[in-house]
$ cat model-v1.csv   # CSV, C-alpha atoms
chain,number,residue,atom,x,y,z
A,1303,MET,CA,100.6,112.7,-42.7
A,1304,SER,CA,102.9,109.9,-41.7
A,1305,LYS,CA,105.2,110.5,-38.8
A,1306,ARG,CA,108.4,108.8,-38.0
A,1307,LEU,CA,108.4,106.6,-34.9
A,1308,GLU,CA,110.3,107.7,-31.9
A,1309,ILE,CA,112.6,104.8,-31.1
A,1310,SER,CA,115.2,104.6,-28.3
A,1311,VAL,CA,117.3,101.8,-27.0
A,1312,SER,CA,118.4,101.0,-23.5
A,1313,ARG,CA,120.2,98.1,-21.9
A,1314,MET,CA,119.1,96.7,-18.6
A,1315,GLU,CA,120.1,93.7,-16.5
A,1316,ALA,CA,118.4,91.8,-13.7
A,1317,GLY,CA,120.0,88.4,-14.0
A,1318,ALA,CA,120.1,88.3,-17.8
A,1319,PRO,CA,121.0,91.2,-20.0
A,1320,VAL,CA,118.0,92.7,-21.8
A,1321,THR,CA,117.9,95.2,-24.7
A,1322,VAL,CA,114.8,97.4,-24.4
A,1323,LEU,CA,113.4,99.1,-27.5
A,1324,HIS,CA,111.1,102.0,-26.5
A,1325,VAL,CA,108.7,102.9,-29.3
A,1326,LYS,CA,106.4,105.9,-29.5
A,1327,GLY,CA,103.9,106.6,-32.2
A,1328,GLN,CA,101.5,104.8,-34.6
A,1329,ILE,CA,103.2,101.8,-36.3
A,1330,ASP,CA,102.0,101.2,-39.9
A,1331,ALA,CA,103.5,100.3,-43.3
A,1332,SER,CA,104.6,103.9,-43.8
A,1333,ASN,CA,107.1,104.1,-40.9
A,1334,VAL,CA,107.8,100.5,-39.7
A,1335,ALA,CA,111.1,100.2,-41.7
A,1336,ASP,CA,113.0,102.3,-39.1
A,1337,LEU,CA,111.8,99.9,-36.3
A,1338,GLU,CA,112.7,96.8,-38.3
A,1339,THR,CA,116.2,98.0,-39.2
A,1340,ARG,CA,116.9,99.1,-35.6
A,1341,ALA,CA,115.7,95.8,-34.1
A,1342,LEU,CA,117.4,93.6,-36.7
A,1343,ASP,CA,120.7,95.5,-36.2
A,1344,LEU,CA,120.5,94.7,-32.5
A,1345,VAL,CA,119.9,91.0,-33.2
A,1346,LYS,CA,122.9,91.0,-35.6
A,1347,SER,CA,125.1,92.6,-32.9
A,1348,GLY,CA,124.2,89.7,-30.5
A,1349,THR,CA,121.0,90.7,-28.6
A,1350,GLY,CA,119.5,87.5,-27.2
A,1351,ASN,CA,116.8,89.1,-25.0
A,1352,MET,CA,114.7,91.9,-26.4
A,1353,LEU,CA,111.8,93.8,-24.8
A,1354,ILE,CA,109.8,96.0,-27.0
A,1355,ASP,CA,108.1,98.7,-24.9
A,1356,LEU,CA,104.9,99.5,-26.8
A,1357,GLY,CA,103.5,101.7,-24.0
A,1358,GLY,CA,103.7,104.8,-26.3
A,1359,VAL,CA,102.2,103.0,-29.3
A,1360,THR,CA,98.6,104.0,-30.0
A,1361,PHE,CA,98.1,102.0,-33.2
A,1362,MET,CA,99.8,99.0,-34.8
A,1363,SER,CA,98.8,97.3,-38.0
A,1364,SER,CA,100.1,94.0,-39.4
A,1365,ALA,CA,103.1,95.9,-40.6
A,1366,GLY,CA,104.3,95.9,-36.9
A,1367,PHE,CA,103.6,92.2,-36.5
A,1368,ARG,CA,105.5,91.4,-39.7
A,1369,THR,CA,108.5,93.2,-38.1
A,1370,ILE,CA,108.1,91.4,-34.8
A,1371,HIS,CA,107.9,88.1,-36.8
A,1372,ARG,CA,111.1,88.9,-38.7
A,1373,VAL,CA,112.9,89.9,-35.5
A,1374,TYR,CA,111.7,86.7,-33.8
A,1375,GLN,CA,113.0,84.6,-36.7
A,1376,ALA,CA,116.3,86.4,-36.7
A,1377,MET,CA,116.6,85.7,-33.0
A,1378,HIS,CA,115.7,82.0,-33.5
A,1379,PRO,CA,117.8,80.5,-36.3
A,1380,ALA,CA,117.5,76.7,-36.5
A,1381,GLY,CA,118.5,75.1,-33.2
A,1382,ALA,CA,118.8,78.3,-31.3
A,1383,LYS,CA,117.6,78.3,-27.8
A,1384,GLY,CA,117.4,80.7,-24.9
A,1385,GLN,CA,116.5,83.9,-26.8
A,1386,HIS,CA,113.4,85.7,-25.7
A,1387,LEU,CA,111.3,88.5,-27.4
A,1388,LYS,CA,108.6,90.1,-25.2
A,1389,LEU,CA,106.3,93.1,-25.5
A,1390,LEU,CA,105.6,95.5,-22.7
A,1391,ASP,CA,102.4,97.4,-22.3
A,1392,PRO,CA,100.7,96.9,-25.6
A,1393,SER,CA,97.3,98.5,-26.0
A,1394,ASP,CA,94.2,96.3,-25.6
A,1395,GLU,CA,93.8,96.2,-29.3
A,1396,VAL,CA,97.4,95.1,-29.9
A,1397,LYS,CA,97.0,92.5,-27.2
A,1398,ARG,CA,93.9,91.2,-29.0
A,1399,LEU,CA,95.9,91.1,-32.3
A,1400,VAL,CA,98.8,89.2,-30.7
A,1401,LYS,CA,96.3,86.4,-30.0
A,1402,THR,CA,94.3,86.7,-33.2
A,1403,LEU,CA,97.6,86.3,-35.2
A,1404,GLY,CA,98.8,83.3,-33.1
A,1405,PHE,CA,101.9,85.2,-31.8
A,1406,ASP,CA,100.9,84.6,-28.1
A,1407,LYS,CA,102.7,81.3,-27.7
A,1408,PHE,CA,106.0,82.7,-28.9
A,1409,VAL,CA,106.1,86.4,-27.9
A,1410,GLY,CA,105.5,87.2,-24.2
A,1411,VAL,CA,103.2,90.0,-23.3
A,1412,LEU,CA,103.9,91.9,-20.1
A,1413,SER,CA,102.3,94.9,-18.5
A,1414,GLY,CA,103.4,97.4,-15.8
A,1415,ASP,CA,106.8,98.1,-14.3
A,1416,LEU,CA,109.7,98.1,-16.7
A,1417,ARG,CA,112.1,96.8,-14.0
A,1418,LYS,CA,109.8,93.9,-13.2
A,1419,ALA,CA,109.4,93.1,-16.9
A,1420,VAL,CA,113.2,92.9,-17.3
A,1421,GLU,CA,113.4,90.5,-14.3
A,1422,THR,CA,111.2,88.0,-16.2
A,1423,PHE,CA,113.9,87.2,-18.7
B,1058,MET,CA,97.0,115.8,-49.5
B,1059,ALA,CA,93.7,115.1,-47.9
B,1060,SER,CA,90.6,117.0,-49.0
B,1061,VAL,CA,87.1,116.6,-47.7
B,1062,ALA,CA,84.9,116.0,-50.8
B,1063,ALA,CA,81.7,115.5,-48.9
B,1064,PRO,CA,80.6,114.8,-45.3
B,1065,ARG,CA,82.3,111.6,-44.1
B,1066,GLN,CA,84.1,111.3,-47.4
B,1067,LEU,CA,87.9,111.5,-47.9
B,1068,ASP,CA,89.7,111.6,-51.2
B,1069,VAL,CA,93.5,111.2,-51.1
B,1070,ALA,CA,96.4,110.5,-53.3
B,1071,VAL,CA,97.7,107.0,-53.1
B,1072,GLU,CA,100.8,106.8,-50.9
B,1073,LEU,CA,101.6,105.1,-47.6
B,1074,ALA,CA,102.1,108.5,-46.0
B,1075,VAL,CA,98.3,109.1,-46.0
B,1076,LEU,CA,97.6,106.0,-43.9
B,1077,PRO,CA,97.4,108.1,-40.6
B,1078,ASP,CA,95.1,110.6,-42.4
B,1079,ILE,CA,92.8,107.8,-43.5
B,1080,ARG,CA,92.7,106.4,-40.0
B,1081,GLU,CA,92.0,109.7,-38.4
B,1082,HIS,CA,89.2,110.4,-40.9
B,1083,VAL,CA,87.6,107.0,-40.3
B,1084,ARG,CA,88.0,107.3,-36.5
B,1085,LEU,CA,86.2,110.7,-36.3
B,1086,ALA,CA,83.5,109.6,-38.8
B,1087,ALA,CA,82.8,106.2,-37.3
B,1088,ALA,CA,82.8,107.6,-33.7
B,1089,SER,CA,80.3,110.2,-34.8
B,1090,LEU,CA,78.1,107.4,-36.0
B,1091,GLY,CA,78.3,105.6,-32.7
B,1092,LEU,CA,81.2,103.2,-33.0
B,1093,ALA,CA,83.5,103.1,-29.9
B,1094,GLY,CA,86.0,101.2,-27.9
B,1095,LEU,CA,87.7,98.1,-29.3
B,1096,ALA,CA,85.1,97.8,-32.1
B,1097,LEU,CA,86.3,101.1,-33.4
B,1098,GLU,CA,90.0,100.1,-33.0
B,1099,ASP,CA,89.2,96.9,-35.0
B,1100,LEU,CA,87.7,98.8,-37.8
B,1101,LEU,CA,90.7,101.2,-38.0
B,1102,VAL,CA,93.1,98.2,-38.3
B,1103,ALA,CA,90.9,96.6,-41.0
B,1104,VAL,CA,90.7,99.9,-43.0
B,1105,ASP,CA,94.5,100.4,-42.6
B,1106,GLU,CA,95.2,96.9,-43.9
B,1107,ALA,CA,92.8,97.5,-46.9
B,1108,ALA,CA,94.4,100.8,-47.8
B,1109,THR,CA,97.9,99.4,-47.4
B,1110,ASN,CA,97.1,96.6,-49.7
B,1111,ILE,CA,95.7,98.9,-52.3
B,1112,VAL,CA,98.8,101.2,-52.2
B,1113,LYS,CA,101.3,98.3,-52.3
B,1114,HIS,CA,99.7,95.7,-54.5
B,1115,GLY,CA,96.9,97.5,-56.3
B,1116,TYR,CA,98.7,100.5,-57.6
B,1117,ARG,CA,102.2,99.0,-57.3
B,1118,GLY,CA,103.9,102.3,-57.1
B,1119,GLN,CA,101.7,104.0,-59.7
B,1120,SER,CA,99.9,107.2,-58.8
B,1121,GLY,CA,96.2,107.2,-58.2
B,1122,ARG,CA,93.5,108.1,-55.7
B,1123,LEU,CA,91.6,106.5,-52.9
B,1124,ASN,CA,88.1,107.5,-51.9
B,1125,ILE,CA,86.9,106.6,-48.5
B,1126,ALA,CA,83.3,106.9,-47.4
B,1127,VAL,CA,82.0,106.2,-43.9
B,1128,GLU,CA,78.2,105.5,-43.5
B,1129,ARG,CA,75.8,104.1,-41.1
B,1130,ASN,CA,73.6,101.2,-42.4
B,1131,ALA,CA,71.1,99.9,-39.8
B,1132,ASP,CA,73.2,98.7,-36.9
B,1133,THR,CA,76.5,98.7,-38.7
B,1134,VAL,CA,79.1,101.3,-39.6
B,1135,GLU,CA,80.4,100.7,-43.1
B,1136,VAL,CA,83.6,102.0,-44.7
B,1137,ARG,CA,83.7,101.9,-48.4
B,1138,ILE,CA,87.1,102.2,-50.1
B,1139,ARG,CA,87.2,102.9,-53.8
B,1140,ASP,CA,90.3,102.8,-56.0
B,1141,THR,CA,91.0,102.8,-59.7
B,1142,ALA,CA,93.6,100.0,-59.6
B,1143,ARG,CA,93.5,96.7,-61.3
B,1144,HIS,CA,90.8,94.3,-60.1
B,1145,PHE,CA,91.7,92.3,-57.0
B,1146,ASP,CA,89.2,90.5,-54.9
B,1147,PRO,CA,90.7,90.1,-51.4
B,1148,ARG,CA,88.0,87.6,-50.4
B,1149,GLY,CA,89.7,85.0,-52.5
B,1150,GLU,CA,93.0,85.1,-50.6
B,1151,ALA,CA,93.7,82.0,-48.5
B,1152,PRO,CA,94.1,82.8,-44.8
B,1153,PRO,CA,97.6,82.2,-43.4
B,1154,ASP,CA,98.0,79.0,-41.2
B,1155,LEU,CA,98.4,80.6,-37.8
B,1156,THR,CA,99.0,77.3,-36.1
B,1157,VAL,CA,102.5,77.1,-37.7
B,1158,PRO,CA,105.1,78.1,-35.1
B,1159,LEU,CA,106.6,81.5,-35.8
B,1160,PRO,CA,110.1,80.2,-36.6
B,1161,ASP,CA,108.6,78.1,-39.5
B,1162,ARG,CA,105.7,80.4,-40.5
B,1163,PRO,CA,106.1,82.4,-43.7
B,1164,VAL,CA,106.2,86.1,-42.9
B,1165,GLY,CA,103.2,88.1,-44.1
B,1166,GLY,CA,99.7,87.4,-45.4
B,1167,MET,CA,98.2,88.9,-42.2
B,1168,GLY,CA,96.5,92.0,-43.6
B,1169,ILE,CA,93.6,90.4,-45.4
B,1170,HIS,CA,93.2,88.0,-42.6
B,1171,LEU,CA,92.7,90.9,-40.2
B,1172,MET,CA,90.3,92.7,-42.6
B,1173,ARG,CA,88.2,89.5,-42.5
B,1174,THR,CA,88.4,88.6,-38.8
B,1175,LEU,CA,88.2,92.1,-37.3
B,1176,THR,CA,85.1,93.1,-39.1
B,1177,ASP,CA,81.5,91.8,-39.3
B,1178,GLY,CA,81.5,91.8,-43.1
B,1179,MET,CA,83.9,92.3,-46.0
B,1180,ALA,CA,82.4,92.9,-49.4
B,1181,TRP,CA,84.1,93.5,-52.8
B,1182,ARG,CA,82.9,94.5,-56.2
B,1183,PRO,CA,84.6,95.6,-59.3
B,1184,VAL,CA,83.7,99.2,-60.2
B,1185,PRO,CA,82.2,99.2,-63.7
B,1186,THR,CA,84.4,102.2,-64.8
B,1187,GLY,CA,87.5,100.4,-63.5
B,1188,GLY,CA,88.8,99.8,-60.1
B,1189,ASN,CA,87.6,98.2,-56.9
B,1190,GLU,CA,85.2,98.9,-54.1
B,1191,ILE,CA,85.8,97.2,-50.7
B,1192,THR,CA,83.3,97.6,-48.0
B,1193,LEU,CA,84.2,96.8,-44.4
B,1194,ALA,CA,81.3,96.7,-41.9
B,1195,LYS,CA,81.5,96.8,-38.1
B,1196,ARG,CA,78.4,96.2,-36.0
B,1197,LEU,CA,77.6,98.9,-33.4
B,1198,VAL,CA,78.1,97.5,-29.9
B,1199,ARG,CA,74.9,97.8,-27.8
$ encode --input "model-v1.csv" --output "structure tokens"
Amino acid sequence: MSKRLEISVSRMEAGAPVTVLHVKGQIDASNVADLETRALDLVKSGTGNMLIDLGGVTFMSSAGFRTIHRVYQAMHPAGAKGQHLKLLDPSDEVKRLVKTLGFDKFVGVLSGDLRKAVETF
Amino acid sequence: MASVAAPRQLDVAVELAVLPDIREHVRLAAASLGLAGLALEDLLVAVDEAATNIVKHGYRGQSGRLNIAVERNADTVEVRIRDTARHFDPRGEAPPDLTVPLPDRPVGGMGIHLMRTLTDGMAWRPVPTGGNEITLAKRLVR
């Protein structure tokens, strides 16, 4: 049966402030709403740099990409500049989907150390 | 709840909560037929998209059942998904324009695109007694 995603938020800074969303589980249409609500609330409260840590995500369908798309759009209202949305440690399959769906030019994909990932903002 | 009706067959009530059960069933069955690695992951995404579409747009909140059968056919693994929902041919859906920048791109429309692009074949036929049968095929990697 469907399981809720484990989501936690941390704030880090290495030059620019970055909000990190750590997600664990399998992201599909049954449980993605929690992630979307959480991420959009962060954008509403002023988050301009977001890193979504997908290191603990073992499956992600288009439901996850729809959420990433909505979050990206919320971070980039007309004329807005300087906001960044990046993914950390997605699985090989998710990396492939990022390209297949044409997200790669807009959403950065990083791997490895969290601290170094935060420094890229 | 899930029940095994026959080897490599799964019959479940229609609800989004069963998506992980469907994926787990297809993962085990397809792996036992020789599919592995990213080819297997591709098939799982395609099957998840098909099942999600049936639950959300086929049954539209009505109750019903989904039958999933996993078979080997020559050098492909095929997943056949049957429902009793209204007829809907996913092959007729126009693909989203993925060259449009994300800020201007309409959200959604990615599921059927992934069913098409992540598999080596997507077939559809109306079931004579009512409902749909979608078959997603993935070639075994040699």
$ residues_around --input "model-v1.csv" --residues "segment 1177-1194 of chain B" --least-positions-apart "5" --cutoff "12 Å" --atoms "all atoms listed in the file" --output "JSON list (two decimals) with C-alpha atoms, in the coordinates of the input"
[["chain", "number", "residue", "atom", "x", "y", "z"],
["B", 1083, "VAL", "CA", 87.60, 107.00, -40.30],
["B", 1087, "ALA", "CA", 82.80, 106.20, -37.30],
["B", 1092, "LEU", "CA", 81.20, 103.20, -33.00],
["B", 1096, "ALA", "CA", 85.10, 97.80, -32.10],
["B", 1097, "LEU", "CA", 86.30, 101.10, -33.40],
["B", 1099, "ASP", "CA", 89.20, 96.90, -35.00],
["B", 1100, "LEU", "CA", 87.70, 98.80, -37.80],
["B", 1101, "LEU", "CA", 90.70, 101.20, -38.00],
["B", 1102, "VAL", "CA", 93.10, 98.20, -38.30],
["B", 1103, "ALA", "CA", 90.90, 96.60, -41.00],
["B", 1104, "VAL", "CA", 90.70, 99.90, -43.00],
["B", 1105, "ASP", "CA", 94.50, 100.40, -42.60],
["B", 1106, "GLU", "CA", 95.20, 96.90, -43.90],
["B", 1107, "ALA", "CA", 92.80, 97.50, -46.90],
["B", 1108, "ALA", "CA", 94.40, 100.80, -47.80],
["B", 1110, "ASN", "CA", 97.10, 96.60, -49.70],
["B", 1111, "ILE", "CA", 95.70, 98.90, -52.30],
["B", 1115, "GLY", "CA", 96.90, 97.50, -56.30],
["B", 1116, "TYR", "CA", 98.70, 100.50, -57.60],
["B", 1121, "GLY", "CA", 96.20, 107.20, -58.20],
["B", 1122, "ARG", "CA", 93.50, 108.10, -55.70],
["B", 1123, "LEU", "CA", 91.60, 106.50, -52.90],
["B", 1124, "ASN", "CA", 88.10, 107.50, -51.90],
["B", 1125, "ILE", "CA", 86.90, 106.60, -48.50],
["B", 1126, "ALA", "CA", 83.30, 106.90, -47.40],
["B", 1127, "VAL", "CA", 82.00, 106.20, -43.90],
["B", 1128, "GLU", "CA", 78.20, 105.50, -43.50],
["B", 1129, "ARG", "CA", 75.80, 104.10, -41.10],
["B", 1130, "ASN", "CA", 73.60, 101.20, -42.40],
["B", 1131, "ALA", "CA", 71.10, 99.90, -39.80],
["B", 1132, "ASP", "CA", 73.20, 98.70, -36.90],
["B", 1133, "THR", "CA", 76.50, 98.70, -38.70],
["B", 1134, "VAL", "CA", 79.10, 101.30, -39.60],
["B", 1135, "GLU", "CA", 80.40, 100.70, -43.10],
["B", 1136, "VAL", "CA", 83.60, 102.00, -44.70],
["B", 1137, "ARG", "CA", 83.70, 101.90, -48.40],
["B", 1138, "ILE", "CA", 87.10, 102.20, -50.10],
["B", 1139, "ARG", "CA", 87.20, 102.90, -53.80],
["B", 1140, "ASP", "CA", 90.30, 102.80, -56.00],
["B", 1141, "THR", "CA", 91.00, 102.80, -59.70],
["B", 1142, "ALA", "CA", 93.60, 100.00, -59.60],
["B", 1143, "ARG", "CA", 93.50, 96.70, -61.30],
["B", 1144, "HIS", "CA", 90.80, 94.30, -60.10],
["B", 1145, "PHE", "CA", 91.70, 92.30, -57.00],
["B", 1146, "ASP", "CA", 89.20, 90.50, -54.90],
["B", 1147, "PRO", "CA", 90.70, 90.10, -51.40],
["B", 1148, "ARG", "CA", 88.00, 87.60, -50.40],
["B", 1149, "GLY", "CA", 89.70, 85.00, -52.50],
["B", 1169, "ILE", "CA", 93.60, 90.40, -45.40],
["B", 1170, "HIS", "CA", 93.20, 88.00, -42.60],
["B", 1171, "LEU", "CA", 92.70, 90.90, -40.20],
["B", 1172, "MET", "CA", 90.30, 92.70, -42.60]]
$ closest_residue --input "model-v1.csv" --among "A:Ile1309, A:Leu1403, A:Leu1337, A:Met1303" --to "Thr1174 of chain B" --atoms "all atoms listed in the file"
A:Leu1403
$ closest_atom_pairs --input "model-v1.csv" --of "segment 1074-1181 of chain B" --to "segment 1367-1373 of chain A" --cutoff "9 Å" --atoms "all atoms listed in the file" --output "tab-separated table"
residue	atom	partner	partner_atom	distance
B:Leu1159	CA	A:His1371	CA	6.8
B:Pro1160	CA	A:His1371	CA	8.2
B:Arg1162	CA	A:His1371	CA	8.8
B:Val1164	CA	A:Arg1368	CA	6.2
B:Gly1165	CA	A:Arg1368	CA	6.0
B:Met1167	CA	A:Arg1368	CA	8.1
$ write_last_selection --input "model-v1.csv" --atoms "C-alpha atoms" --output "compact mmCIF listing (two decimals), keeping the file's coordinate frame"
# COMPACT_ATOMS: atom_id res chain seq x y z
CA LEU B 1159 106.60 81.50 -35.80
CA PRO B 1160 110.10 80.20 -36.60
CA ARG B 1162 105.70 80.40 -40.50
CA VAL B 1164 106.20 86.10 -42.90
CA GLY B 1165 103.20 88.10 -44.10
CA MET B 1167 98.20 88.90 -42.20
$ interface_residues --input "model-v1.csv" --of "chain A" --to "chain B" --cutoff "12 Å" --atoms "only C-alpha atoms" --output "PyMOL selection string"
chain A and resi 1303-1306+1327-1334+1360-1383+1387+1393-1409
$ residues_around --input "model-v1.csv" --residues "Val1411 of chain A" --least-positions-apart "5" --cutoff "7 Å" --atoms "only C-alpha atoms" --output "list in words"
Lys1388, Leu1389 and Leu1390 of chain A
$ closest_residue --input "model-v1.csv" --among "A:Arg1340, A:Arg1313, A:His1386, A:Lys1326" --to "Met1352 of chain A" --atoms "all atoms listed in the file"
A:His1386
$ atom_distance --input "model-v1.csv" --atom1 "atom CA of Gln1066 of chain B" --atom2 "atom CA of Lys1195 of chain B"
17.4 Å
$ atom_distance --input "model-v1.csv" --atom1 "atom CA of Arg1196 of chain B" --atom2 "atom CA of Glu1150 of chain B"
23.4 Å
$ axis_aligned_box --input "model-v1.csv" --around "segment 1401-1418 of chain A" --padding-each-side "8 Å" --output "JSON"
{"center_x": 103.2, "center_y": 89.7, "center_z": -24.2, "size_x": 33.8, "size_y": 32.8, "size_z": 38.0}
